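A.B. asks: Contents of data01.pdb (PDB, C-alpha atoms and all ligand atoms):
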ATOM      1  CA  MET A  65      11.435  -7.519 -14.357  1.00  0.00           C
ATOM      2  CA  ALA A  66      11.619 -11.141 -13.302  1.00  0.00           C
ATOM      3  CA  ASP A  67      14.093 -10.202 -10.600  1.00  0.00           C
ATOM      4  CA  VAL A  68      11.747  -7.906  -8.689  1.00  0.00           C
ATOM      5  CA  THR A  69      10.495  -9.360  -5.415  1.00  0.00           C
ATOM      6  CA  VAL A  70       7.931  -8.168  -2.878  1.00  0.00           C
ATOM      7  CA  ARG A  71       8.269  -9.058   0.789  1.00  0.00           C
ATOM      8  CA  ARG A  72       5.918  -8.216   3.621  1.00  0.00           C
ATOM      9  CA  VAL A  73       7.245  -6.203   6.562  1.00  0.00           C
ATOM     10  CA  ASP A  74       5.355  -6.697   9.824  1.00  0.00           C
ATOM     11  CA  PHE A  75       5.043  -3.487  11.828  1.00  0.00           C
ATOM     12  CA  GLY A  76       2.757  -5.075  14.400  1.00  0.00           C
ATOM     13  CA  TYR A  77      -0.937  -4.476  15.016  1.00  0.00           C
ATOM     14  CA  PHE A  78      -3.402  -2.264  16.809  1.00  0.00           C
ATOM     15  CA  VAL A  79      -6.865  -2.705  18.246  1.00  0.00           C
ATOM     16  CA  ARG A  80      -9.538  -0.650  16.535  1.00  0.00           C
ATOM     17  CA  PRO A  81     -12.076   0.209  19.243  1.00  0.00           C
ATOM     18  CA  ALA A  82     -15.678  -0.923  18.986  1.00  0.00           C
ATOM     19  CA  GLN A  83     -16.995   2.532  18.142  1.00  0.00           C
ATOM     20  CA  GLU A  84     -14.950   2.535  14.908  1.00  0.00           C
ATOM     21  CA  THR A  85     -15.584  -0.956  13.585  1.00  0.00           C
ATOM     22  CA  GLY A  86     -19.298  -0.912  12.899  1.00  0.00           C
ATOM     23  CA  THR A  87     -19.541  -4.444  14.256  1.00  0.00           C
ATOM     24  CA  GLY A  88     -20.179  -3.651  17.899  1.00  0.00           C
ATOM     25  CA  GLY A  89     -16.841  -5.127  18.973  1.00  0.00           C
ATOM     26  CA  PRO A  90     -13.150  -4.230  18.754  1.00  0.00           C
ATOM     27  CA  ARG A  91     -11.010  -5.529  15.895  1.00  0.00           C
ATOM     28  CA  VAL A  92      -7.276  -6.259  15.773  1.00  0.00           C
ATOM     29  CA  GLU A  93      -5.784  -4.923  12.549  1.00  0.00           C
ATOM     30  CA  PRO A  94      -2.307  -5.552  11.137  1.00  0.00           C
ATOM     31  CA  CYS A  95       0.082  -2.788  10.173  1.00  0.00           C
ATOM     32  CA  LEU A  96       2.081  -3.950   7.178  1.00  0.00           C
ATOM     33  CA  GLY A  97       4.690  -2.461   4.934  1.00  0.00           C
ATOM     34  CA  TYR A  98       6.469  -4.012   1.983  1.00  0.00           C
ATOM     35  CA  VAL A  99      10.015  -4.237   0.707  1.00  0.00           C
ATOM     36  CA  ILE A 100      10.441  -4.345  -3.034  1.00  0.00           C
ATOM     37  CA  GLY A 101      13.706  -5.911  -4.111  1.00  0.00           C
ATOM     38  CA  HIS A 102      14.897  -4.541  -7.446  1.00  0.00           C
ATOM     39  CA  PRO A 103      18.231  -4.999  -9.219  1.00  0.00           C
ATOM     40  CA  GLN A 104      18.815  -1.240  -8.912  1.00  0.00           C
ATOM     41  CA  GLY A 105      17.876  -0.898  -5.257  1.00  0.00           C
ATOM     42  CA  MET A 106      15.561  -1.813  -2.435  1.00  0.00           C
ATOM     43  CA  ILE A 107      12.329   0.111  -1.876  1.00  0.00           C
ATOM     44  CA  LEU A 108      10.503   0.348   1.443  1.00  0.00           C
ATOM     45  CA  PHE A 109       6.782   1.033   1.112  1.00  0.00           C
ATOM     46  CA  ASP A 110       5.372   2.401   4.396  1.00  0.00           C
ATOM     47  CA  THR A 111       7.247   2.591   7.681  1.00  0.00           C
ATOM     48  CA  GLY A 112       4.875   1.566  10.475  1.00  0.00           C
ATOM     49  CA  MET A 113       3.069   3.242  13.338  1.00  0.00           C
ATOM     50  CA  GLY A 114       3.964   6.486  15.060  1.00  0.00           C
ATOM     51  CA  SER A 115       3.469   6.936  18.769  1.00  0.00           C
ATOM     52  CA  ARG A 116       1.800   9.390  21.110  1.00  0.00           C
ATOM     53  CA  PRO A 117       0.261   8.659  24.495  1.00  0.00           C
ATOM     54  CA  GLU A 118      -3.283   9.563  23.461  1.00  0.00           C
ATOM     55  CA  VAL A 119      -3.002   7.601  20.200  1.00  0.00           C
ATOM     56  CA  ASP A 120      -1.581   4.590  22.001  1.00  0.00           C
ATOM     57  CA  ALA A 121      -4.351   4.731  24.600  1.00  0.00           C
ATOM     58  CA  HIS A 122      -6.954   4.777  21.831  1.00  0.00           C
ATOM     59  CA  TYR A 123      -5.532   2.123  19.494  1.00  0.00           C
ATOM     60  CA  ARG A 124      -3.453   0.033  21.956  1.00  0.00           C
ATOM     61  CA  PRO A 125      -0.779  -0.833  19.359  1.00  0.00           C
ATOM     62  CA  ARG A 126       1.738  -3.638  19.544  1.00  0.00           C
ATOM     63  CA  ARG A 127       4.385  -1.800  17.574  1.00  0.00           C
ATOM     64  CA  VAL A 128       7.354  -3.212  15.692  1.00  0.00           C
ATOM     65  CA  GLY A 129       9.893  -0.542  14.728  1.00  0.00           C
ATOM     66  CA  VAL A 130      11.491  -0.186  11.320  1.00  0.00           C
ATOM     67  CA  ARG A 131      14.838  -1.660  12.328  1.00  0.00           C
ATOM     68  CA  GLU A 132      13.288  -4.679  14.008  1.00  0.00           C
ATOM     69  CA  ALA A 133      10.747  -5.221  11.220  1.00  0.00           C
ATOM     70  CA  LEU A 134      13.444  -5.096   8.559  1.00  0.00           C
ATOM     71  CA  ALA A 135      15.717  -7.369  10.578  1.00  0.00           C
ATOM     72  CA  ALA A 136      12.933  -9.956  10.615  1.00  0.00           C
ATOM     73  CA  ILE A 137      13.268 -10.279   6.843  1.00  0.00           C
ATOM     74  CA  GLY A 138      17.051 -10.116   6.885  1.00  0.00           C
ATOM     75  CA  ALA A 139      17.320  -6.467   5.841  1.00  0.00           C
ATOM     76  CA  GLN A 140      18.430  -3.238   7.454  1.00  0.00           C
ATOM     77  CA  VAL A 141      17.853   0.476   6.943  1.00  0.00           C
ATOM     78  CA  SER A 142      21.161   0.880   5.108  1.00  0.00           C
ATOM     79  CA  ASP A 143      19.894  -1.555   2.449  1.00  0.00           C
ATOM     80  CA  ILE A 144      17.035   0.779   1.528  1.00  0.00           C
ATOM     81  CA  GLY A 145      17.643   2.908  -1.553  1.00  0.00           C
ATOM     82  CA  LEU A 146      14.351   4.746  -1.562  1.00  0.00           C
ATOM     83  CA  ALA A 147      11.052   4.700   0.246  1.00  0.00           C
ATOM     84  CA  ALA A 148       7.429   5.691  -0.252  1.00  0.00           C
ATOM     85  CA  ASN A 149       4.349   6.141   1.896  1.00  0.00           C
ATOM     86  CA  CYS A 150       0.926   5.215   0.547  1.00  0.00           C
ATOM     87  CA  HIS A 151      -0.324   8.164   2.598  1.00  0.00           C
ATOM     88  CA  LEU A 152       0.772  10.090   5.661  1.00  0.00           C
ATOM     89  CA  HIS A 153      -1.598   9.047   8.427  1.00  0.00           C
ATOM     90  CA  PHE A 154       0.335   8.144  11.581  1.00  0.00           C
ATOM     91  CA  ASP A 155       0.109   4.388  10.967  1.00  0.00           C
ATOM     92  CA  HIS A 156       1.955   4.496   7.627  1.00  0.00           C
ATOM     93  CA  CYS A 157       4.856   6.893   8.213  1.00  0.00           C
ATOM     94  CA  GLY A 158       5.779   6.130  11.825  1.00  0.00           C
ATOM     95  CA  GLY A 159       9.356   5.176  10.980  1.00  0.00           C
ATOM     96  CA  ASN A 160      10.123   7.822   8.372  1.00  0.00           C
ATOM     97  CA  GLN A 161      12.462   9.691  10.687  1.00  0.00           C
ATOM     98  CA  LEU A 162      14.725   6.667  10.931  1.00  0.00           C
ATOM     99  CA  LEU A 163      15.346   6.765   7.188  1.00  0.00           C
ATOM    100  CA  GLY A 164      17.634   9.793   7.364  1.00  0.00           C
ATOM    101  CA  GLN A 165      18.338  11.110   3.892  1.00  0.00           C
ATOM    102  CA  ILE A 166      16.796   8.215   2.001  1.00  0.00           C
ATOM    103  CA  PRO A 167      14.347   9.826  -0.460  1.00  0.00           C
ATOM    104  CA  VAL A 168      10.701   9.212   0.471  1.00  0.00           C
ATOM    105  CA  PHE A 169       8.193   9.510  -2.371  1.00  0.00           C
ATOM    106  CA  VAL A 170       4.693  10.749  -1.608  1.00  0.00           C
ATOM    107  CA  GLN A 171       2.091  12.382  -3.790  1.00  0.00           C
ATOM    108  CA  GLY A 172       2.466  16.156  -3.629  1.00  0.00           C
ATOM    109  CA  ILE A 173      -1.168  16.647  -2.658  1.00  0.00           C
ATOM    110  CA  GLU A 174      -0.709  14.212   0.242  1.00  0.00           C
ATOM    111  CA  LEU A 175       2.325  16.080   1.522  1.00  0.00           C
ATOM    112  CA  ASP A 176       0.518  19.424   1.306  1.00  0.00           C
ATOM    113  CA  THR A 177      -2.553  18.046   3.059  1.00  0.00           C
ATOM    114  CA  ALA A 178      -0.495  16.485   5.840  1.00  0.00           C
ATOM    115  CA  ARG A 179       1.443  19.695   6.422  1.00  0.00           C
ATOM    116  CA  GLN A 180      -1.566  22.004   6.313  1.00  0.00           C
ATOM    117  CA  THR A 181      -4.372  20.048   8.000  1.00  0.00           C
ATOM    118  CA  PRO A 182      -4.487  20.001  11.815  1.00  0.00           C
ATOM    119  CA  ASP A 183      -4.690  16.505  13.318  1.00  0.00           C
ATOM    120  CA  TYR A 184      -4.139  14.860   9.926  1.00  0.00           C
ATOM    121  CA  THR A 185      -1.090  13.022  11.216  1.00  0.00           C
ATOM    122  CA  LEU A 186       1.455  13.324  14.022  1.00  0.00           C
ATOM    123  CA  PRO A 187       3.442  16.352  12.777  1.00  0.00           C
ATOM    124  CA  GLU A 188       6.764  15.085  14.093  1.00  0.00           C
ATOM    125  CA  LEU A 189       6.515  12.032  11.823  1.00  0.00           C
ATOM    126  CA  ILE A 190       6.782  14.153   8.686  1.00  0.00           C
ATOM    127  CA  GLU A 191       9.558  16.430   9.890  1.00  0.00           C
ATOM    128  CA  GLY A 192      13.102  15.793   8.752  1.00  0.00           C
ATOM    129  CA  SER A 193      12.317  13.378   5.939  1.00  0.00           C
ATOM    130  CA  ARG A 194      13.770  13.906   2.494  1.00  0.00           C
ATOM    131  CA  PHE A 195      10.401  13.890   0.764  1.00  0.00           C
ATOM    132  CA  GLU A 196      10.224  13.655  -2.996  1.00  0.00           C
ATOM    133  CA  ARG A 197       6.970  14.966  -4.413  1.00  0.00           C
ATOM    134  CA  ALA A 198       5.314  12.619  -6.898  1.00  0.00           C
ATOM    135  CA  GLU A 199       2.823  14.413  -9.100  1.00  0.00           C
ATOM    136  CA  GLY A 200       0.694  11.647 -10.553  1.00  0.00           C
ATOM    137  CA  GLU A 201       2.247   8.494 -11.948  1.00  0.00           C
ATOM    138  CA  VAL A 202       6.022   8.292 -11.488  1.00  0.00           C
ATOM    139  CA  GLU A 203       8.491   5.537 -12.445  1.00  0.00           C
ATOM    140  CA  VAL A 204      10.856   5.363  -9.469  1.00  0.00           C
ATOM    141  CA  LEU A 205      12.954   2.465 -10.777  1.00  0.00           C
ATOM    142  CA  PRO A 206      12.680   0.689 -14.134  1.00  0.00           C
ATOM    143  CA  GLY A 207       9.338  -1.105 -14.160  1.00  0.00           C
ATOM    144  CA  VAL A 208       8.306   0.185 -10.716  1.00  0.00           C
ATOM    145  CA  PHE A 209       5.715   2.937 -10.639  1.00  0.00           C
ATOM    146  CA  LEU A 210       3.873   4.970  -8.065  1.00  0.00           C
ATOM    147  CA  MET A 211       0.271   5.506  -9.100  1.00  0.00           C
ATOM    148  CA  PRO A 212      -2.349   7.767  -7.503  1.00  0.00           C
ATOM    149  CA  THR A 213      -5.173   5.706  -6.004  1.00  0.00           C
ATOM    150  CA  PRO A 214      -7.201   8.322  -4.097  1.00  0.00           C
ATOM    151  CA  GLY A 215     -10.087   7.439  -1.871  1.00  0.00           C
ATOM    152  CA  HIS A 216      -8.875   6.721   1.624  1.00  0.00           C
ATOM    153  CA  THR A 217      -7.104  10.094   1.258  1.00  0.00           C
ATOM    154  CA  ASP A 218      -6.973  12.455  -1.724  1.00  0.00           C
ATOM    155  CA  GLY A 219      -3.247  11.834  -2.087  1.00  0.00           C
ATOM    156  CA  HIS A 220      -3.191   8.087  -1.553  1.00  0.00           C
ATOM    157  CA  GLN A 221      -0.861   6.159  -3.862  1.00  0.00           C
ATOM    158  CA  SER A 222      -0.074   2.555  -4.703  1.00  0.00           C
ATOM    159  CA  LEU A 223       3.098   0.950  -6.021  1.00  0.00           C
ATOM    160  CA  VAL A 224       2.998  -1.047  -9.233  1.00  0.00           C
ATOM    161  CA  VAL A 225       5.593  -3.550 -10.435  1.00  0.00           C
ATOM    162  CA  ARG A 226       4.977  -4.107 -14.131  1.00  0.00           C
ATOM    163  CA  GLN A 227       6.005  -7.507 -15.397  1.00  0.00           C
ATOM    164  CA  ARG A 228       5.646  -9.323 -18.679  1.00  0.00           C
ATOM    165  CA  ASP A 229       2.797 -11.483 -17.404  1.00  0.00           C
ATOM    166  CA  GLY A 230       0.890  -8.823 -15.502  1.00  0.00           C
ATOM    167  CA  ALA A 231       1.465  -6.526 -12.550  1.00  0.00           C
ATOM    168  CA  VAL A 232       2.141  -6.864  -8.865  1.00  0.00           C
ATOM    169  CA  ILE A 233       0.350  -4.137  -6.918  1.00  0.00           C
ATOM    170  CA  VAL A 234       1.283  -2.887  -3.454  1.00  0.00           C
ATOM    171  CA  ALA A 235      -1.977  -1.099  -2.811  1.00  0.00           C
ATOM    172  CA  GLY A 236      -1.538   0.346   0.682  1.00  0.00           C
ATOM    173  CA  GLN A 237      -4.971   1.230   1.955  1.00  0.00           C
ATOM    174  CA  SER A 238      -6.730   1.639  -1.396  1.00  0.00           C
ATOM    175  CA  HIS A 239      -9.159  -0.957  -0.047  1.00  0.00           C
ATOM    176  CA  ASP A 240      -9.575  -2.133   3.538  1.00  0.00           C
ATOM    177  CA  THR A 241     -10.817  -5.618   2.702  1.00  0.00           C
ATOM    178  CA  ALA A 242     -10.466  -8.188  -0.053  1.00  0.00           C
ATOM    179  CA  THR A 243     -14.239  -8.032  -0.431  1.00  0.00           C
ATOM    180  CA  GLN A 244     -14.112  -4.319  -1.255  1.00  0.00           C
ATOM    181  CA  TYR A 245     -11.361  -4.921  -3.791  1.00  0.00           C
ATOM    182  CA  ALA A 246     -13.306  -7.749  -5.415  1.00  0.00           C
ATOM    183  CA  ALA A 247     -16.443  -5.598  -5.581  1.00  0.00           C
ATOM    184  CA  ASP A 248     -14.607  -2.832  -7.460  1.00  0.00           C
ATOM    185  CA  GLN A 249     -12.902  -5.342  -9.731  1.00  0.00           C
ATOM    186  CA  LEU A 250     -16.228  -6.952 -10.641  1.00  0.00           C
ATOM    187  CA  ALA A 251     -17.928  -3.581 -11.149  1.00  0.00           C
ATOM    188  CA  TRP A 252     -15.095  -2.655 -13.523  1.00  0.00           C
ATOM    189  CA  ARG A 253     -15.564  -5.944 -15.371  1.00  0.00           C
ATOM    190  CA  ALA A 254     -19.305  -5.323 -15.753  1.00  0.00           C
ATOM    191  CA  ARG A 255     -18.590  -1.873 -17.204  1.00  0.00           C
ATOM    192  CA  ARG A 256     -15.994  -3.298 -19.560  1.00  0.00           C
ATOM    193  CA  ASP A 257     -18.511  -5.865 -20.710  1.00  0.00           C
ATOM    194  CA  GLY A 258     -21.050  -3.124 -21.465  1.00  0.00           C
ATOM    195  CA  HIS A 259     -23.452  -4.520 -18.913  1.00  0.00           C
ATOM    196  CA  ASP A 260     -26.704  -2.605 -18.452  1.00  0.00           C
ATOM    197  CA  GLN A 261     -26.745   0.310 -16.057  1.00  0.00           C
ATOM    198  CA  PRO A 262     -27.186   0.962 -13.239  1.00  0.00           C
ATOM    199  CA  LEU A 263     -23.801  -0.269 -12.038  1.00  0.00           C
ATOM    200  CA  PRO A 264     -21.844   0.682  -8.913  1.00  0.00           C
ATOM    201  CA  ASP A 265     -19.658   3.764  -9.020  1.00  0.00           C
ATOM    202  CA  ILE A 266     -15.965   2.921  -8.846  1.00  0.00           C
ATOM    203  CA  PRO A 267     -12.903   5.186  -8.559  1.00  0.00           C
ATOM    204  CA  THR A 268     -11.635   6.301 -11.954  1.00  0.00           C
ATOM    205  CA  TRP A 269      -8.188   4.803 -11.310  1.00  0.00           C
ATOM    206  CA  VAL A 270      -9.631   1.277 -11.064  1.00  0.00           C
ATOM    207  CA  ASP A 271      -9.716   1.141 -14.855  1.00  0.00           C
ATOM    208  CA  ALA A 272      -6.031   2.039 -15.211  1.00  0.00           C
ATOM    209  CA  LEU A 273      -5.119  -0.458 -12.530  1.00  0.00           C
ATOM    210  CA  GLN A 274      -7.125  -3.308 -14.017  1.00  0.00           C
ATOM    211  CA  ARG A 275      -5.608  -2.690 -17.442  1.00  0.00           C
ATOM    212  CA  LEU A 276      -2.247  -3.534 -15.893  1.00  0.00           C
ATOM    213  CA  ASP A 277      -3.590  -7.062 -15.313  1.00  0.00           C
ATOM    214  CA  PRO A 278      -2.956  -7.381 -11.559  1.00  0.00           C
ATOM    215  CA  ARG A 279      -1.990 -10.910 -10.619  1.00  0.00           C
ATOM    216  CA  VAL A 280      -1.280 -10.285  -6.961  1.00  0.00           C
ATOM    217  CA  VAL A 281      -2.306  -7.329  -4.798  1.00  0.00           C
ATOM    218  CA  TYR A 282      -0.823  -6.606  -1.377  1.00  0.00           C
ATOM    219  CA  PHE A 283      -2.567  -4.365   1.164  1.00  0.00           C
ATOM    220  CA  ALA A 284      -1.409  -2.521   4.283  1.00  0.00           C
ATOM    221  CA  GLY A 285      -4.174  -4.038   6.381  1.00  0.00           C
ATOM    222  CA  LEU A 286      -4.476  -7.571   5.007  1.00  0.00           C
ATOM    223  CA  THR A 287      -2.064 -10.292   6.029  1.00  0.00           C
ATOM    224  CA  ALA A 288      -2.793 -12.356   2.907  1.00  0.00           C
ATOM    225  CA  PRO A 289      -2.426 -10.892  -0.595  1.00  0.00           C
ATOM    226  CA  VAL A 290      -5.343 -10.964  -3.005  1.00  0.00           C
ATOM    227  CA  ARG A 291      -4.864 -12.996  -6.165  1.00  0.00           C
ATOM    228  CA  PRO A 292      -7.497 -11.772  -8.587  1.00  0.00           C
ATOM    229  CA  PRO A 293      -8.963 -14.294 -11.003  1.00  0.00           C
ATOM    230  CA  ASP A 294      -8.095 -13.649 -14.609  1.00  0.00           C
ATOM    231  CA  PRO A 295     -11.136 -11.768 -15.965  1.00  0.00           C
ATOM    232  CA  ALA A 296     -10.481 -13.205 -19.420  1.00  0.00           C
ATOM    233  CA  ALA A 297     -10.787 -16.781 -18.316  1.00  0.00           C
ATOM    234  CA  GLY A 298     -12.646 -16.644 -15.025  1.00  0.00           C
ATOM    235  CA  THR A 299     -10.161 -19.078 -13.548  1.00  0.00           C
ATOM    236  CA  PRO A 300      -7.217 -18.534 -11.244  1.00  0.00           C
ATOM    237  CA  ARG A 301      -3.929 -17.911 -13.051  1.00  0.00           C
ATOM    238  CA  ARG A 302      -2.298 -20.838 -11.359  1.00  0.00           C
ATOM    239  CA  ALA A 303      -4.693 -23.113 -13.235  1.00  0.00           C
ATOM    240  CA  ARG A 304      -3.466 -21.631 -16.504  1.00  0.00           C
ATOM    241  CA  GLY A 305       0.123 -22.453 -15.757  1.00  0.00           C
ATOM    242  CA  ARG A 306       1.431 -18.934 -15.406  1.00  0.00           C
ATOM    243  CA  SER A 307       4.313 -18.136 -13.131  1.00  0.00           C
ATOM    244  CA  THR A 308       3.355 -17.611  -9.527  1.00  0.00           C
ATOM    245  CA  ARG A 309       6.794 -16.401  -8.523  1.00  0.00           C
ATOM    246  CA  ARG A 310       6.446 -13.350  -6.321  1.00  0.00           C
ATOM    247  CA  GLY A 311       9.116 -13.375  -3.619  1.00  0.00           C
TER     248      GLY A 311
HETATM  249 ZN    ZN A 401      -5.127   6.298   6.768  1.00  0.00          ZN
END
Before we go any further, please render this structure as structure tokens.
Ligand SMILES: [Zn+2]
C.D. replies:
Amino acid sequence: MADVTVRRVDFGYFVRPAQETGTGGPRVEPCLGYVIGHPQGMILFDTGMGSRPEVDAHYRPRRVGVREALAAIGAQVSDIGLAANCHLHFDHCGGNQLLGQIPVFVQGIELDTARQTPDYTLPELIEGSRFERAEGEVEVLPGVFLMPTPGHTDGHQSLVVRQRDGAVIVAGQSHDTATQYAADQLAWRARRDGHDQPLPDIPTWVDALQRLDPRVVYFAGLTAPVRPPDPAAGTPRRARGRSTRRG
């Protein structure tokens, strides 16, 4: 899978108001998707922010549409072979309608929740898409998997590119900060080491994810990817001479 690349797609940003940040002040947050280049087709993971007057008044987004965001990386909608949403809140599926009949993979439970729960998302964003229900882990192209990573929502999923020297993870909103990711990763390591309880609770899927040996993890809300240290050596992979190719 050496030919698989991951590129960031910039859908703009929004301003989370002070009452939602817990810091006493507003915070500007990015809205990122990712394009996975694969010999058998291009995958778009997340499609940006939807729009409604009351939502825009609340979050004051600076929105970049799918066409413009793809053009910025030299791609266009017709290049996309399939798509996926990490979940169906309005800031992850805003451009789905522009994808036409391109199949869009979401976890079945996420699709049901979005269709049945009032105010879960902007309903028009999930109308007209050719959704493909993923029930658990699904290999969408050779070496590229969708994997349930619930927490932010019950049907949240991440995308995993399995490679010979570890995995590249496109983790959507499984964690909001690198600090949260590192905390779960370290709690998993302590459990693996048989460290004395009590230890922090972590989502059950963290074990499956860590066993894939993540070497780079991309998030929807973090402009820089996380490069976990190798738990076996405690040193960054780069220092051990492994490939850092990632596209
Ligand atoms: Zn969300």
A.B. asks: Kindly compile the residues surrounding ligand ZN 401 (chain A) within 8 Å, counting only C-alpha atoms and all ligand atoms, and format them as a short mmCIF file (atom, residue, chain, number, x, y, z; two decimals) with C-alpha atoms, in the coordinates of the input.
C.D. replies:
data_model
loop_
_atom_site.label_atom_id
_atom_site.label_comp_id
_atom_site.auth_asym_id
_atom_site.auth_seq_id
_atom_site.Cartn_x
_atom_site.Cartn_y
_atom_site.Cartn_z
CA HIS A 151 -0.32 8.16 2.60
CA LEU A 152 0.77 10.09 5.66
CA HIS A 153 -1.60 9.05 8.43
CA PHE A 154 0.34 8.14 11.58
CA ASP A 155 0.11 4.39 10.97
CA HIS A 156 1.96 4.50 7.63
CA HIS A 216 -8.88 6.72 1.62
CA THR A 217 -7.10 10.09 1.26
CA GLN A 237 -4.97 1.23 1.96
#
A.B. asks: When you draw a straight line from CA of Arg228 in chain A to CA of Asp74 in chain A, how long is it in Å?
C.D. replies: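 So the two atoms, CA of Arg228 in chain A and CA of Asp74 in chain A, lie 28.6 Å apart.
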A.B. asks: Quick one, how far is CA of Leu146 in chain A from CA of Met106 in chain A?
C.D. replies: 6.7 Å
A.B. asks: Applying the PyMOL selection byres (((chain A and resi 267) around 12) and not hetatm) to the file I just gave you, which residues come out? Please list them as number ranges by chain.
C.D. replies: A: 212-216, 218, 238-239, 245, 247-249, 251-252, 264-266, 268-274
A.B. asks: Between CA of Arg127 in chain A and CA of Thr241 in chain A, what distance in Å does the model show, to one decimal?
C.D. replies: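 We find that CA of Arg127 in chain A and CA of Thr241 in chain A lie 21.6 Å from each other.
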A.B. asks: Taking a cut-off of 12 Å and counting only C-alpha atoms, can you build a table that, for each residue of range 107-146 of chain A near range 82-91 of chain A, reports the nearest atom pair and how far apart they are in Å (one decimal), sorted by chain then residue number, as a Markdown table?
C.D. replies:
| residue | atom | partner | partner_atom | distance |
| --- | --- | --- | --- | --- |
| A:His122 | CA | A:Ala82 | CA | 10.8 |
| A:Tyr123 | CA | A:Pro90 | CA | 9.9 |
| A:Arg124 | CA | A:Pro90 | CA | 11.1 |
| A:Pro125 | CA | A:Arg91 | CA | 11.8 |
A.B. asks: Would you mind exporting the chosen residues as a JSON list (two decimals), keeping the file's coordinate frame, restricted to C-alpha atoms?
C.D. replies:
[["chain", "number", "residue", "atom", "x", "y", "z"],
["A", 122, "HIS", "CA", -6.95, 4.78, 21.83],
["A", 123, "TYR", "CA", -5.53, 2.12, 19.49],
["A", 124, "ARG", "CA", -3.45, 0.03, 21.96],
["A", 125, "PRO", "CA", -0.78, -0.83, 19.36]]
A.B. asks: Could you list, as a ChimeraX atom specification, every residue matched by the PyMOL selection byres (((chain A and resi 147) around 7) and not hetatm) in this structure?
C.D. replies: /A:107-109,146,148,166-169
